[in-house]
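Student: Handing you a structure now.
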Amino acid sequence: DLMINIAASPFSENQQRTRKNVLDTACKTYQIPLVYVNQVGAHTDLIFDGGSMVLNSQGNLVMEMAYFEQDFRLIDSQLINMAPAVPFEHEYHPEGEASLGKLHKALILGIRDFFSKSGFSKAIMGLSGGIDSALVYALAIEALGKENVLGLLMPSPYSSDHSISDSLQLARNLGGHTETIPISGLIAAFETSLQPSFEGMRADTTEENIQARIRAILLMAYSNKKGYVLLNTSNKSESAVGYGTLYGDMAGSLAVIGDLYKTKVYALAHYLNREEDIIPENILTKAPSAELKKKKKDSDSLPPYEVLDHLLFQYIERQEGPETLIAQGFEPELVARVLSLVNRNEFKRYQTAP
């Protein structure tokens with residue numbers, strides 16, 4: 001007489017349409033109505049989006065419930081086939097406002113439930129003046145409240161003036177708290193200690209990674225002393241190709257944007273700015289840089305993110321091999337280089353925060 005599907009279907013960007021298609025097929029196959037009840041809430045790295053629904057025996061949607069929040073409705077099982085159909089408005093458009101809105105709600109729910117279900121209340125994160133930390137800071141304040149989020153600025157000799165001013169402007173826009181600890185003296189202390197062992201060796205990524213690890217030590221000191229939980233700000237593009245420092249900028253209890261490619265980070269930041277300037281314009285427009293070396297930009301080490309993300313999506317999400325990627329128009333040298341980076345750095349990705 002009636003199918004009841006008690007589900008725990010996790011959120012992904014196109015899952016709602018896929019889910020509806022499966023339910024629609026089941027109703028048409030068995031010619032009976034279906035009540036679909038889905039879990040809502042986050043459990044560390046899984047986000048369940050709710051969106052329970054009722055379909056009649058022809059597969060038409062007659063009731064749809066709230067997404068990303070608890071909801072409750074009554075329905076008469078004898079009247080499902082007589083209820084009027086309602087539209088299903090969850091087509092997937094990657095950069096569309098509706099899709100970005102769902103992503104925004106998912107991340108807020110994810111942060112909020114991670115903290116509340118774990119018994120945490122306060123978050124800390126490094127504010128670098130870049131797009132990744134700016135977005136995480138804005139999301140954390142929305143999820144936890146401005147009084148519960150601290151942004152720590154840790155400028156080095158390679159930090160630009162605008163990185164500091166942009167971070168402070170972001171905090172002012174959100175009413176958030178920041179503190180500043182310059183790390184130039186700490187870098188010098190490490191270099192002095194290591195100098196005898198590194199005599200005659202030129203500077204390389206070793207010195208850059210020391211800066212990232214100094215910052216992680218300071219953030220974790222705050223975490224231990226003051227009870228903050230460290231939020232990680234790495235994105236999926238960087239994690240995929242190993243563009244991050246183990247025990248440095250990869251540290252943290254929750255990688256808030258760890259499943260967002262860099263281009264999606266920008267899209268979501270623009271979405272947050274749709275009604276007012278939350279994330280300063282300069283953060284949105286300047287070239288991405290880790291600022292671990294003078295005048296160094298991400299593009300010095302990686303392809304443009306628009307190209308890299310498209311290639312990573314095809315390789316990781318769609319599991320396309322090198323021959324197919326080259327046939328799609330990617331340069332063979334680029335395919336070989338990016339796939340090598342992804343495969344070589346899996347050991348690092350495996351150690352990222354959830």
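Letters A, B, ... mark the chains of the structure tokens in the order given; residue numbers begin at 1 per chain; ligand numbers begin at 1, in order shown.
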If you take only C-alpha atoms and a cut-off of 6 Å, which residues of stretch 64-139 of chain A touch stretch 25-44 of chain A, and what are their nearest atom pairs and distances in Å to one decimal, in chain and number order, as CSV?
Tutor:
residue,atom,partner,partner_atom,distance
A:Gly110,CA,A:Ala42,CA,5.1
A:Asp113,CA,A:Ala42,CA,5.5
A:Phe114,CA,A:Thr44,CA,5.5
Student: Can you tell me, as a VMD selection string, which residues in stretch 42-247 of chain A count as strand (DSSP E or B) by DSSP?
Tutor: chain A and resid 42 to 43 46 to 50 53 to 55 61 to 64 67 123 to 126 149 to 153 177 to 180 229 to 232
Student: Given only C-alpha atoms as the basis, pick out the residue of A:Gly51, A:Pro304, A:Ala143, A:Tyr228 nearest to A:Phe11.
Tutor: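 Selected residue with least distance to A:Phe11: A:Gly51.
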Student: Using only C-alpha atoms, which residues sit within 12 Å of A:Leu272 once same-chain residues fewer than 4 positions away are excluded, as a PDB file with N, CA and C atoms, in the first residue's frame?
Tutor:
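selection-v6.pdb, written as the output of this step:
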ATOM      1  N   GLU A  97      22.842  30.787  -7.750  1.00  0.00           N
ATOM      2  CA  GLU A  97      22.654  31.282  -6.386  1.00  0.00           C
ATOM      3  C   GLU A  97      21.982  30.244  -5.500  1.00  0.00           C
ATOM      4  N   LEU A 100      24.621  27.679  -4.463  1.00  0.00           N
ATOM      5  CA  LEU A 100      25.542  28.269  -3.492  1.00  0.00           C
ATOM      6  C   LEU A 100      24.837  28.484  -2.153  1.00  0.00           C
ATOM      7  N   GLY A 101      23.543  28.793  -2.201  1.00  0.00           N
ATOM      8  CA  GLY A 101      22.782  28.941  -0.967  1.00  0.00           C
ATOM      9  C   GLY A 101      22.713  27.645  -0.185  1.00  0.00           C
ATOM     10  N   LEU A 103      24.907  25.198  -0.380  1.00  0.00           N
ATOM     11  CA  LEU A 103      26.260  24.949   0.103  1.00  0.00           C
ATOM     12  C   LEU A 103      26.536  25.772   1.363  1.00  0.00           C
ATOM     13  N   HIS A 104      26.112  27.001   1.358  1.00  0.00           N
ATOM     14  CA  HIS A 104      26.269  27.882   2.512  1.00  0.00           C
ATOM     15  C   HIS A 104      25.556  27.299   3.734  1.00  0.00           C
ATOM     16  N   LYS A 105      24.312  26.900   3.567  1.00  0.00           N
ATOM     17  CA  LYS A 105      23.551  26.321   4.686  1.00  0.00           C
ATOM     18  C   LYS A 105      24.190  25.028   5.182  1.00  0.00           C
ATOM     19  N   ALA A 134      39.542  34.036   5.044  1.00  0.00           N
ATOM     20  CA  ALA A 134      38.454  35.011   5.130  1.00  0.00           C
ATOM     21  C   ALA A 134      37.101  34.319   5.097  1.00  0.00           C
ATOM     22  N   LEU A 135      36.939  33.354   4.186  1.00  0.00           N
ATOM     23  CA  LEU A 135      35.671  32.647   4.080  1.00  0.00           C
ATOM     24  C   LEU A 135      35.397  31.821   5.329  1.00  0.00           C
ATOM     25  N   VAL A 136      36.402  31.102   5.827  1.00  0.00           N
ATOM     26  CA  VAL A 136      36.209  30.281   7.031  1.00  0.00           C
ATOM     27  C   VAL A 136      35.858  31.169   8.226  1.00  0.00           C
ATOM     28  N   TYR A 137      36.523  32.303   8.348  1.00  0.00           N
ATOM     29  CA  TYR A 137      36.251  33.241   9.453  1.00  0.00           C
ATOM     30  C   TYR A 137      34.801  33.722   9.398  1.00  0.00           C
ATOM     31  N   ALA A 138      34.332  34.087   8.200  1.00  0.00           N
ATOM     32  CA  ALA A 138      32.957  34.564   8.048  1.00  0.00           C
ATOM     33  C   ALA A 138      31.951  33.465   8.368  1.00  0.00           C
ATOM     34  N   LEU A 139      32.198  32.246   7.893  1.00  0.00           N
ATOM     35  CA  LEU A 139      31.285  31.132   8.159  1.00  0.00           C
ATOM     36  C   LEU A 139      31.273  30.779   9.647  1.00  0.00           C
ATOM     37  N   GLU A 142      29.247  33.295  11.624  1.00  0.00           N
ATOM     38  CA  GLU A 142      27.814  33.092  11.407  1.00  0.00           C
ATOM     39  C   GLU A 142      27.304  31.875  12.176  1.00  0.00           C
ATOM     40  N   LEU A 174      32.638  42.153  10.206  1.00  0.00           N
ATOM     41  CA  LEU A 174      31.884  41.098  10.889  1.00  0.00           C
ATOM     42  C   LEU A 174      31.727  41.350  12.383  1.00  0.00           C
ATOM     43  N   VAL A 265      35.455  28.248  -3.630  1.00  0.00           N
ATOM     44  CA  VAL A 265      35.693  29.150  -2.503  1.00  0.00           C
ATOM     45  C   VAL A 265      35.397  30.590  -2.926  1.00  0.00           C
ATOM     46  N   TYR A 266      35.909  30.978  -4.088  1.00  0.00           N
ATOM     47  CA  TYR A 266      35.642  32.328  -4.590  1.00  0.00           C
ATOM     48  C   TYR A 266      34.151  32.541  -4.847  1.00  0.00           C
ATOM     49  N   ALA A 267      33.499  31.549  -5.446  1.00  0.00           N
ATOM     50  CA  ALA A 267      32.074  31.680  -5.747  1.00  0.00           C
ATOM     51  C   ALA A 267      31.255  31.859  -4.471  1.00  0.00           C
ATOM     52  N   LEU A 268      31.594  31.093  -3.437  1.00  0.00           N
ATOM     53  CA  LEU A 268      30.854  31.189  -2.178  1.00  0.00           C
ATOM     54  C   LEU A 268      31.143  32.517  -1.474  1.00  0.00           C
ATOM     55  N   GLU A 276      25.831  42.777   1.022  1.00  0.00           N
ATOM     56  CA  GLU A 276      26.724  43.769   1.619  1.00  0.00           C
ATOM     57  C   GLU A 276      28.145  43.252   1.551  1.00  0.00           C
ATOM     58  N   ASP A 277      29.106  44.171   1.663  1.00  0.00           N
ATOM     59  CA  ASP A 277      30.516  43.788   1.611  1.00  0.00           C
ATOM     60  C   ASP A 277      30.931  43.196   2.949  1.00  0.00           C
ATOM     61  N   ILE A 278      31.008  41.872   2.987  1.00  0.00           N
ATOM     62  CA  ILE A 278      31.498  41.171   4.169  1.00  0.00           C
ATOM     63  C   ILE A 278      32.983  40.884   4.000  1.00  0.00           C
ATOM     64  N   ILE A 279      33.313  40.237   2.889  1.00  0.00           N
ATOM     65  CA  ILE A 279      34.715  39.952   2.572  1.00  0.00           C
ATOM     66  C   ILE A 279      35.247  41.107   1.717  1.00  0.00           C
ATOM     67  N   PRO A 280      36.291  41.805   2.167  1.00  0.00           N
ATOM     68  CA  PRO A 280      36.788  42.982   1.438  1.00  0.00           C
ATOM     69  C   PRO A 280      37.128  42.675  -0.014  1.00  0.00           C
ATOM     70  N   LEU A 284      39.154  39.488  -2.531  1.00  0.00           N
ATOM     71  CA  LEU A 284      38.533  38.782  -3.658  1.00  0.00           C
ATOM     72  C   LEU A 284      39.321  38.934  -4.956  1.00  0.00           C
TER      73      LEU A 284
END
Student: Suppose you want the space between atom CA of A:Leu153 and atom CA of A:Ser121; what is it in Å?
Tutor: 20.9 Å
